[in-house]
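Pasting upload.pdb here (PDB, C-alpha atoms):
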ATOM      1  CA  GLN A   1       1.165 -22.795 -10.014
ATOM      2  CA  ILE A   2       1.996 -19.258  -8.846
ATOM      3  CA  ASP A   3       5.694 -20.154  -8.685
ATOM      4  CA  ARG A   4       5.598 -21.477 -12.249
ATOM      5  CA  THR A   5       3.838 -18.314 -13.388
ATOM      6  CA  MET A   6       6.456 -16.113 -11.731
ATOM      7  CA  ALA A   7       9.251 -18.158 -13.306
ATOM      8  CA  ALA A   8       7.624 -17.848 -16.712
ATOM      9  CA  THR A   9       7.296 -14.104 -16.222
ATOM     10  CA  ALA A  10      10.985 -13.836 -15.365
ATOM     11  CA  LYS A  11      11.841 -15.536 -18.699
ATOM     12  CA  SER A  12       9.332 -13.530 -20.739
ATOM     13  CA  SER A  13      10.230 -11.215 -23.591
ATOM     14  CA  PRO A  14      11.223  -7.557 -23.027
ATOM     15  CA  ALA A  15       7.986  -6.482 -24.726
ATOM     16  CA  LEU A  16       5.872  -8.458 -22.250
ATOM     17  CA  LYS A  17       7.862  -7.033 -19.343
ATOM     18  CA  ALA A  18       7.330  -3.514 -20.700
ATOM     19  CA  ILE A  19       3.583  -4.139 -21.013
ATOM     20  CA  SER A  20       3.451  -5.491 -17.446
ATOM     21  CA  ALA A  21       5.342  -2.473 -16.110
ATOM     22  CA  THR A  22       3.064  -0.103 -18.031
ATOM     23  CA  CYS A  23      -0.080  -1.785 -16.715
ATOM     24  CA  TYR A  24       1.290  -1.635 -13.175
ATOM     25  CA  GLY A  25       2.115   2.054 -13.533
ATOM     26  CA  LEU A  26      -1.300   2.907 -14.980
ATOM     27  CA  SER A  27      -3.137   0.966 -12.281
ATOM     28  CA  SER A  28      -1.101   2.718  -9.563
ATOM     29  CA  ILE A  29      -1.898   6.157 -11.011
ATOM     30  CA  MET A  30      -5.588   5.318 -11.383
ATOM     31  CA  LEU A  31      -5.709   4.042  -7.802
ATOM     32  CA  VAL A  32      -4.319   7.345  -6.504
ATOM     33  CA  MET A  33      -6.713   9.395  -8.650
ATOM     34  CA  VAL A  34      -9.782   7.379  -7.655
ATOM     35  CA  ASN A  35      -8.932   7.516  -3.941
ATOM     36  CA  LYS A  36      -8.299  11.257  -4.266
ATOM     37  CA  ARG A  37     -11.751  11.656  -5.838
ATOM     38  CA  VAL A  38     -13.361   9.746  -2.968
ATOM     39  CA  LEU A  39     -11.474  11.558  -0.202
ATOM     40  CA  TYR A  40     -11.429  15.095  -1.632
ATOM     41  CA  SER A  41     -14.121  15.635  -4.247
ATOM     42  CA  TYR A  42     -16.837  13.847  -2.281
ATOM     43  CA  LYS A  43     -15.453  14.925   1.113
ATOM     44  CA  PHE A  44     -15.438  11.308   2.325
ATOM     45  CA  GLY A  45     -13.444  11.636   5.541
ATOM     46  CA  SER A  46     -13.796   8.042   6.747
ATOM     47  CA  HIS A  47     -10.271   6.855   5.960
ATOM     48  CA  VAL A  48     -10.487   3.858   8.300
ATOM     49  CA  VAL A  49     -13.678   2.514   6.700
ATOM     50  CA  LEU A  50     -12.117   2.862   3.251
ATOM     51  CA  LEU A  51      -9.087   0.867   4.406
ATOM     52  CA  LEU A  52     -11.347  -1.779   5.964
ATOM     53  CA  LEU A  53     -13.190  -2.278   2.676
ATOM     54  CA  HIS A  54      -9.936  -2.453   0.703
ATOM     55  CA  LEU A  55      -8.527  -5.181   2.959
ATOM     56  CA  THR A  56     -11.794  -7.122   3.048
ATOM     57  CA  PHE A  57     -11.937  -7.142  -0.754
ATOM     58  CA  SER A  58      -8.277  -8.242  -0.989
ATOM     59  CA  LEU A  59      -8.760 -11.076   1.513
ATOM     60  CA  THR A  60     -11.952 -12.239  -0.208
ATOM     61  CA  LEU A  61     -10.204 -12.316  -3.589
ATOM     62  CA  VAL A  62      -7.206 -14.256  -2.208
ATOM     63  CA  GLU A  63      -9.420 -16.815  -0.446
ATOM     64  CA  LEU A  64     -11.563 -17.221  -3.567
ATOM     65  CA  CYS A  65      -8.485 -17.916  -5.700
ATOM     66  CA  ASN A  66      -7.299 -20.405  -3.078
ATOM     67  CA  ARG A  67     -10.660 -22.197  -3.054
ATOM     68  CA  LEU A  68     -10.737 -22.376  -6.849
ATOM     69  CA  SER A  69      -7.153 -23.750  -6.856
ATOM     70  CA  ILE A  70      -5.925 -20.819  -8.928
ATOM     71  CA  MET A  71      -3.219 -20.583  -6.288
ATOM     72  CA  LYS A  72      -2.285 -22.896  -3.437
ATOM     73  CA  LEU A  73      -1.678 -21.444   0.017
ATOM     74  CA  ARG A  74      -0.521 -23.180   3.171
ATOM     75  CA  LYS A  75      -2.898 -23.647   6.097
ATOM     76  CA  PHE A  76      -3.208 -20.829   8.611
ATOM     77  CA  ASP A  77      -0.442 -20.960  11.240
ATOM     78  CA  TYR A  78      -0.994 -19.072  14.515
ATOM     79  CA  LYS A  79       2.733 -18.840  15.201
ATOM     80  CA  ILE A  80       3.324 -17.113  11.872
ATOM     81  CA  ALA A  81       0.318 -14.858  12.500
ATOM     82  CA  ILE A  82       1.773 -13.690  15.837
ATOM     83  CA  ARG A  83       5.114 -12.917  14.198
ATOM     84  CA  MET A  84       3.276 -10.960  11.508
ATOM     85  CA  CYS A  85       1.641  -8.600  14.041
ATOM     86  CA  PRO A  86       4.334  -5.861  13.814
ATOM     87  CA  LEU A  87       4.078  -5.923  10.015
ATOM     88  CA  SER A  88       0.289  -5.608  10.111
ATOM     89  CA  LEU A  89       0.453  -2.730  12.599
ATOM     90  CA  THR A  90       2.969  -0.914  10.397
ATOM     91  CA  PHE A  91       0.760  -1.509   7.366
ATOM     92  CA  VAL A  92      -2.382  -0.119   9.020
ATOM     93  CA  ILE A  93      -0.654   3.044  10.232
ATOM     94  CA  ASN A  94       1.039   3.467   6.859
ATOM     95  CA  ILE A  95      -2.188   3.304   4.841
ATOM     96  CA  LEU A  96      -4.078   5.622   7.187
ATOM     97  CA  VAL A  97      -1.276   8.202   6.995
ATOM     98  CA  SER A  98      -1.231   7.749   3.213
ATOM     99  CA  PHE A  99      -4.964   8.465   2.890
ATOM    100  CA  TYR A 100      -4.660  11.544   5.092
ATOM    101  CA  GLY A 101      -1.648  12.826   3.149
ATOM    102  CA  LEU A 102      -3.452  12.239  -0.156
ATOM    103  CA  SER A 103      -6.460  14.236   1.063
ATOM    104  CA  ARG A 104      -4.208  17.254   1.789
ATOM    105  CA  THR A 105      -1.978  17.242  -1.311
ATOM    106  CA  SER A 106      -2.585  17.334  -5.047
ATOM    107  CA  VAL A 107      -2.352  14.086  -7.017
ATOM    108  CA  PRO A 108       0.785  15.144  -9.003
ATOM    109  CA  MET A 109       2.595  16.236  -5.823
ATOM    110  CA  PHE A 110       1.543  13.122  -3.910
ATOM    111  CA  THR A 111       2.829  10.888  -6.709
ATOM    112  CA  THR A 112       6.075  12.872  -6.965
ATOM    113  CA  LEU A 113       6.777  12.843  -3.245
ATOM    114  CA  ARG A 114       5.987   9.125  -3.008
ATOM    115  CA  ARG A 115       8.854   8.439  -5.401
ATOM    116  CA  MET A 116      11.197   9.375  -2.570
ATOM    117  CA  THR A 117      10.205   6.120  -0.869
ATOM    118  CA  THR A 118      12.987   4.477  -2.865
ATOM    119  CA  PHE A 119      15.563   6.515  -0.950
ATOM    120  CA  PHE A 120      14.250   5.285   2.406
ATOM    121  CA  VAL A 121      14.131   1.695   1.134
ATOM    122  CA  MET A 122      17.737   1.970  -0.008
ATOM    123  CA  LEU A 123      18.875   3.212   3.413
ATOM    124  CA  LEU A 124      16.997   0.536   5.366
ATOM    125  CA  GLN A 125      18.190  -2.270   3.105
ATOM    126  CA  TRP A 126      21.752  -1.067   3.555
ATOM    127  CA  LYS A 127      21.541  -0.731   7.353
ATOM    128  CA  CYS A 128      19.248  -3.674   8.170
ATOM    129  CA  LEU A 129      19.893  -6.228   5.421
ATOM    130  CA  GLY A 130      23.461  -5.297   4.454
ATOM    131  CA  MET A 131      22.481  -4.659   0.815
ATOM    132  CA  LYS A 132      24.807  -1.867  -0.269
ATOM    133  CA  PRO A 133      23.510  -0.002  -3.348
ATOM    134  CA  THR A 134      25.669   0.590  -6.394
ATOM    135  CA  ARG A 135      26.831   4.061  -7.340
ATOM    136  CA  ARG A 136      24.482   4.181 -10.335
ATOM    137  CA  VAL A 137      21.487   3.311  -8.151
ATOM    138  CA  VAL A 138      22.398   6.060  -5.674
ATOM    139  CA  GLU A 139      22.765   8.606  -8.480
ATOM    140  CA  CYS A 140      19.353   7.692  -9.951
ATOM    141  CA  ILE A 141      17.636   7.962  -6.569
ATOM    142  CA  LEU A 142      19.277  11.316  -5.805
ATOM    143  CA  LEU A 143      18.148  12.587  -9.216
ATOM    144  CA  MET A 144      14.581  11.542  -8.418
ATOM    145  CA  MET A 145      14.781  13.342  -5.065
ATOM    146  CA  LEU A 146      16.063  16.473  -6.783
ATOM    147  CA  GLY A 147      13.107  16.379  -9.166
ATOM    148  CA  ALA A 148      10.686  15.995  -6.265
ATOM    149  CA  THR A 149      12.289  18.950  -4.472
ATOM    150  CA  ILE A 150      12.027  21.171  -7.565
ATOM    151  CA  ALA A 151       8.392  20.157  -8.013
ATOM    152  CA  GLY A 152       7.694  20.953  -4.352
ATOM    153  CA  ILE A 153       9.125  24.470  -4.686
ATOM    154  CA  GLY A 154       6.597  25.228  -7.430
ATOM    155  CA  ASP A 155       3.632  23.763  -5.547
ATOM    156  CA  PHE A 156       1.273  26.686  -4.910
ATOM    157  CA  SER A 157      -1.034  24.502  -2.795
ATOM    158  CA  PHE A 158       1.767  23.717  -0.330
ATOM    159  CA  ASP A 159       0.435  22.157   2.873
ATOM    160  CA  PRO A 160       3.079  21.466   5.578
ATOM    161  CA  LEU A 161       0.927  18.828   7.298
ATOM    162  CA  GLY A 162       0.207  17.104   3.997
ATOM    163  CA  TYR A 163       3.919  16.985   3.120
ATOM    164  CA  LEU A 164       4.754  15.696   6.609
ATOM    165  CA  CYS A 165       2.202  12.898   6.250
ATOM    166  CA  VAL A 166       3.634  11.873   2.873
ATOM    167  CA  PHE A 167       7.186  11.753   4.285
ATOM    168  CA  ILE A 168       5.969   9.655   7.232
ATOM    169  CA  ASN A 169       4.172   7.505   4.683
ATOM    170  CA  ASN A 170       7.429   7.049   2.757
ATOM    171  CA  THR A 171       9.289   5.976   5.917
ATOM    172  CA  LEU A 172       6.590   3.508   6.946
ATOM    173  CA  THR A 173       6.347   2.108   3.404
ATOM    174  CA  ALA A 174      10.105   1.520   3.344
ATOM    175  CA  THR A 175       9.922  -0.186   6.743
ATOM    176  CA  TYR A 176       7.056  -2.342   5.518
ATOM    177  CA  LEU A 177       8.853  -3.392   2.318
ATOM    178  CA  VAL A 178      12.123  -4.232   4.080
ATOM    179  CA  THR A 179      10.235  -6.203   6.749
ATOM    180  CA  ILE A 180       8.453  -8.166   4.026
ATOM    181  CA  LYS A 181      11.830  -9.168   2.591
ATOM    182  CA  TYR A 182      12.782 -10.434   6.034
ATOM    183  CA  TYR A 183       9.614 -12.537   6.252
ATOM    184  CA  PHE A 184      10.198 -13.920   2.766
ATOM    185  CA  GLY A 185      13.569 -15.206   3.919
ATOM    186  CA  SER A 186      12.867 -16.287   7.507
ATOM    187  CA  LEU A 187       9.334 -17.692   7.167
ATOM    188  CA  LYS A 188       9.558 -18.879   3.539
ATOM    189  CA  LEU A 189       6.267 -17.184   2.680
ATOM    190  CA  LYS A 190       4.973 -16.321  -0.763
ATOM    191  CA  ALA A 191       3.918 -12.766  -1.544
ATOM    192  CA  VAL A 192       0.241 -13.776  -1.606
ATOM    193  CA  GLU A 193       0.595 -15.545   1.758
ATOM    194  CA  VAL A 194       2.080 -12.385   3.289
ATOM    195  CA  LEU A 195      -0.901 -10.439   1.912
ATOM    196  CA  ARG A 196      -3.281 -13.018   3.359
ATOM    197  CA  TYR A 197      -1.766 -12.927   6.855
ATOM    198  CA  ASN A 198      -1.554  -9.158   6.704
ATOM    199  CA  CYS A 199      -5.280  -8.852   5.920
ATOM    200  CA  LEU A 200      -6.275 -11.417   8.543
ATOM    201  CA  MET A 201      -4.317  -9.603  11.267
ATOM    202  CA  SER A 202      -5.220  -6.072  10.167
ATOM    203  CA  ILE A 203      -8.983  -6.368   9.631
ATOM    204  CA  PRO A 204      -9.912  -7.041  13.308
ATOM    205  CA  LEU A 205      -7.797  -4.068  14.440
ATOM    206  CA  ILE A 206      -9.308  -1.733  11.852
ATOM    207  CA  LEU A 207     -12.827  -2.953  12.643
ATOM    208  CA  LEU A 208     -12.311  -2.138  16.326
ATOM    209  CA  ILE A 209     -11.086   1.350  15.370
ATOM    210  CA  CYS A 210     -14.145   1.870  13.128
ATOM    211  CA  ILE A 211     -16.567   0.818  15.859
ATOM    212  CA  GLY A 212     -14.756   2.565  18.724
ATOM    213  CA  SER A 213     -14.476   5.879  16.890
ATOM    214  CA  GLY A 214     -18.056   5.737  15.653
ATOM    215  CA  GLU A 215     -16.830   6.114  12.074
ATOM    216  CA  LEU A 216     -18.681   3.024  10.855
ATOM    217  CA  ASN A 217     -22.019   4.342  12.147
ATOM    218  CA  ARG A 218     -21.407   7.738  10.525
ATOM    219  CA  VAL A 219     -20.730   6.118   7.156
ATOM    220  CA  VAL A 220     -23.820   3.890   7.334
ATOM    221  CA  ALA A 221     -26.007   6.905   8.174
ATOM    222  CA  SER A 222     -24.372   9.187   5.589
ATOM    223  CA  PRO A 223     -26.654  10.389   2.756
ATOM    224  CA  ILE A 224     -23.719  10.258   0.333
ATOM    225  CA  LEU A 225     -24.225   6.488   0.008
ATOM    226  CA  SER A 226     -27.376   7.164  -1.997
ATOM    227  CA  GLU A 227     -25.437   9.061  -4.685
ATOM    228  CA  LYS A 228     -24.807   6.851  -7.723
ATOM    229  CA  GLY A 229     -21.726   8.812  -8.804
ATOM    230  CA  PHE A 230     -20.086   8.409  -5.420
ATOM    231  CA  MET A 231     -20.913   4.710  -5.160
ATOM    232  CA  THR A 232     -19.426   4.064  -8.610
ATOM    233  CA  ILE A 233     -16.149   5.779  -7.684
ATOM    234  CA  PHE A 234     -16.204   4.202  -4.221
ATOM    235  CA  ILE A 235     -16.509   0.671  -5.624
ATOM    236  CA  CYS A 236     -13.718   1.350  -8.136
ATOM    237  CA  SER A 237     -11.421   2.487  -5.322
TER
END
Represent the structure from my file as structure tokens, please.
Amino acid sequence: QIDRTMAATAKSSPALKAISATCYGLSSIMLVMVNKRVLYSYKFGSHVVLLLLHLTFSLTLVELCNRLSIMKLRKFDYKIAIRMCPLSLTFVINILVSFYGLSRTSVPMFTTLRRMTTFFVMLLQWKCLGMKPTRRVVECILLMMLGATIAGIGDFSFDPLGYLCVFINNTLTATYLVTIKYYFGSLKLKAVEVLRYNCLMSIPLILLICIGSGELNRVVASPILSEKGFMTIFICS
């Protein structure tokens, strides 16, 4: 059913594609703004707990859709899960670095600097997958990087550590995306199945980090959980 939906989307009208792209862009911007509000405005420093809740919600939604036959997923395979471990580890580190970088940079600068991820993806695809970019693609990416550099020069809230985290985030994101392409080809997995395995392998690791660092206990005992405004933003994140 998912495959048929994707095929139908590929044959859809330009207007529908434009609407889909617009919705994706708006949701991405809103996600950054909401997470920034949680991490900065409310001084919620528990990045690991936030990631744990995100993954738990994603896994619950995927399993619910599978149970309701909205999508059909293959049975859990331990061999595939073991091979997915490096991807899950990269994902966890990437998201944690992303949250930390977002907490130390402004939303416009974070969004601008994240656009440079495309450059890292291009390099890794070329070196690892042999996908050489066209001249027009290279020119577009270099233009985006130039814009990000100009924006960075005028950033009065410049934070070296925040910028460093975002660049590390870009590198890890590129590694994650290129690795996913490899798994698509070698393991014949659907995008939703990759998400499912990623959540299943990442949640136990993140839970151990939450318990070992004492972050989970600090969040449970935090008085901020009684604030309705925070809880509304927190749920939306």
How close does each residue of segment 57-151 of chain A get to segment 191-211 of chain A, giving the shortest atom pair and distance in Å to one decimal for every residue with an atom at most 9 Å away, counting all atoms listed in the file, sorted by chain and residue number, as a tab-separated table?
residue	atom	partner	partner_atom	distance
A:Ser58	CA	A:Cys199	CA	7.6
A:Leu59	CA	A:Cys199	CA	6.0
A:Val62	CA	A:Arg196	CA	6.9
A:Glu63	CA	A:Arg196	CA	8.2
A:Met71	CA	A:Val192	CA	9.0
A:Leu73	CA	A:Glu193	CA	6.6
A:Arg74	CA	A:Glu193	CA	7.8
A:Phe76	CA	A:Tyr197	CA	8.2
A:Ile80	CA	A:Tyr197	CA	8.3
A:Ala81	CA	A:Tyr197	CA	6.3
A:Ile82	CA	A:Met201	CA	8.6
A:Met84	CA	A:Asn198	CA	7.0
A:Cys85	CA	A:Met201	CA	6.6
A:Leu87	CA	A:Asn198	CA	7.3
A:Ser88	CA	A:Asn198	CA	5.3
A:Leu89	CA	A:Ser202	CA	7.0
A:Phe91	CA	A:Asn198	CA	8.0
A:Val92	CA	A:Ser202	CA	6.7
Can you write out the residues you just picked, keeping C-alpha atoms, as a CSV table (one decimal), keeping the file's coordinate frame?
chain,number,residue,atom,x,y,z
A,58,SER,CA,-8.3,-8.2,-1.0
A,59,LEU,CA,-8.8,-11.1,1.5
A,62,VAL,CA,-7.2,-14.3,-2.2
A,63,GLU,CA,-9.4,-16.8,-0.4
A,71,MET,CA,-3.2,-20.6,-6.3
A,73,LEU,CA,-1.7,-21.4,0.0
A,74,ARG,CA,-0.5,-23.2,3.2
A,76,PHE,CA,-3.2,-20.8,8.6
A,80,ILE,CA,3.3,-17.1,11.9
A,81,ALA,CA,0.3,-14.9,12.5
A,82,ILE,CA,1.8,-13.7,15.8
A,84,MET,CA,3.3,-11.0,11.5
A,85,CYS,CA,1.6,-8.6,14.0
A,87,LEU,CA,4.1,-5.9,10.0
A,88,SER,CA,0.3,-5.6,10.1
A,89,LEU,CA,0.5,-2.7,12.6
A,91,PHE,CA,0.8,-1.5,7.4
A,92,VAL,CA,-2.4,-0.1,9.0
Target residues per the PyMOL selection byres ((chain A and resi 174) around 9), formatted as a compact mmCIF listing (two decimals) with C-alpha atoms, in the frame of the given file:
# COMPACT_ATOMS: atom_id res chain seq x y z
CA THR A 117 10.20 6.12 -0.87
CA THR A 118 12.99 4.48 -2.86
CA PHE A 119 15.56 6.52 -0.95
CA PHE A 120 14.25 5.28 2.41
CA VAL A 121 14.13 1.70 1.13
CA MET A 122 17.74 1.97 -0.01
CA LEU A 123 18.88 3.21 3.41
CA LEU A 124 17.00 0.54 5.37
CA GLN A 125 18.19 -2.27 3.10
CA ASN A 169 4.17 7.50 4.68
CA ASN A 170 7.43 7.05 2.76
CA THR A 171 9.29 5.98 5.92
CA LEU A 172 6.59 3.51 6.95
CA THR A 173 6.35 2.11 3.40
CA THR A 175 9.92 -0.19 6.74
CA TYR A 176 7.06 -2.34 5.52
CA LEU A 177 8.85 -3.39 2.32
CA VAL A 178 12.12 -4.23 4.08
CA THR A 179 10.24 -6.20 6.75
Review point. Could you list as number ranges by chain every residue that has an atom within 10 Å of (2.7, 13.6, -4.0), using the file's coordinates and counting all atoms listed in the file?
Key: A: 32, 101-102, 104-116, 148, 151-152, 162-163, 166-167
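For the pair atom CA of Pro160 of chain A and atom CA of Met30 of chain A, the interatomic distance is 25.0 Å.
Picture a line from atom CA of Ala18 of chain A to atom CA of Asn35 of chain A; it runs 25.8 Å.
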Exercise for review: Using all atoms listed in the file, give me every residue within 10 Å of (-16.6, -0.1, -0.3) in file coordinates, as JSON, numbers by chain.
Suggested key: {"A": [49, 50, 51, 52, 53, 54, 56, 57, 231, 232, 233, 234, 235, 236, 237]}
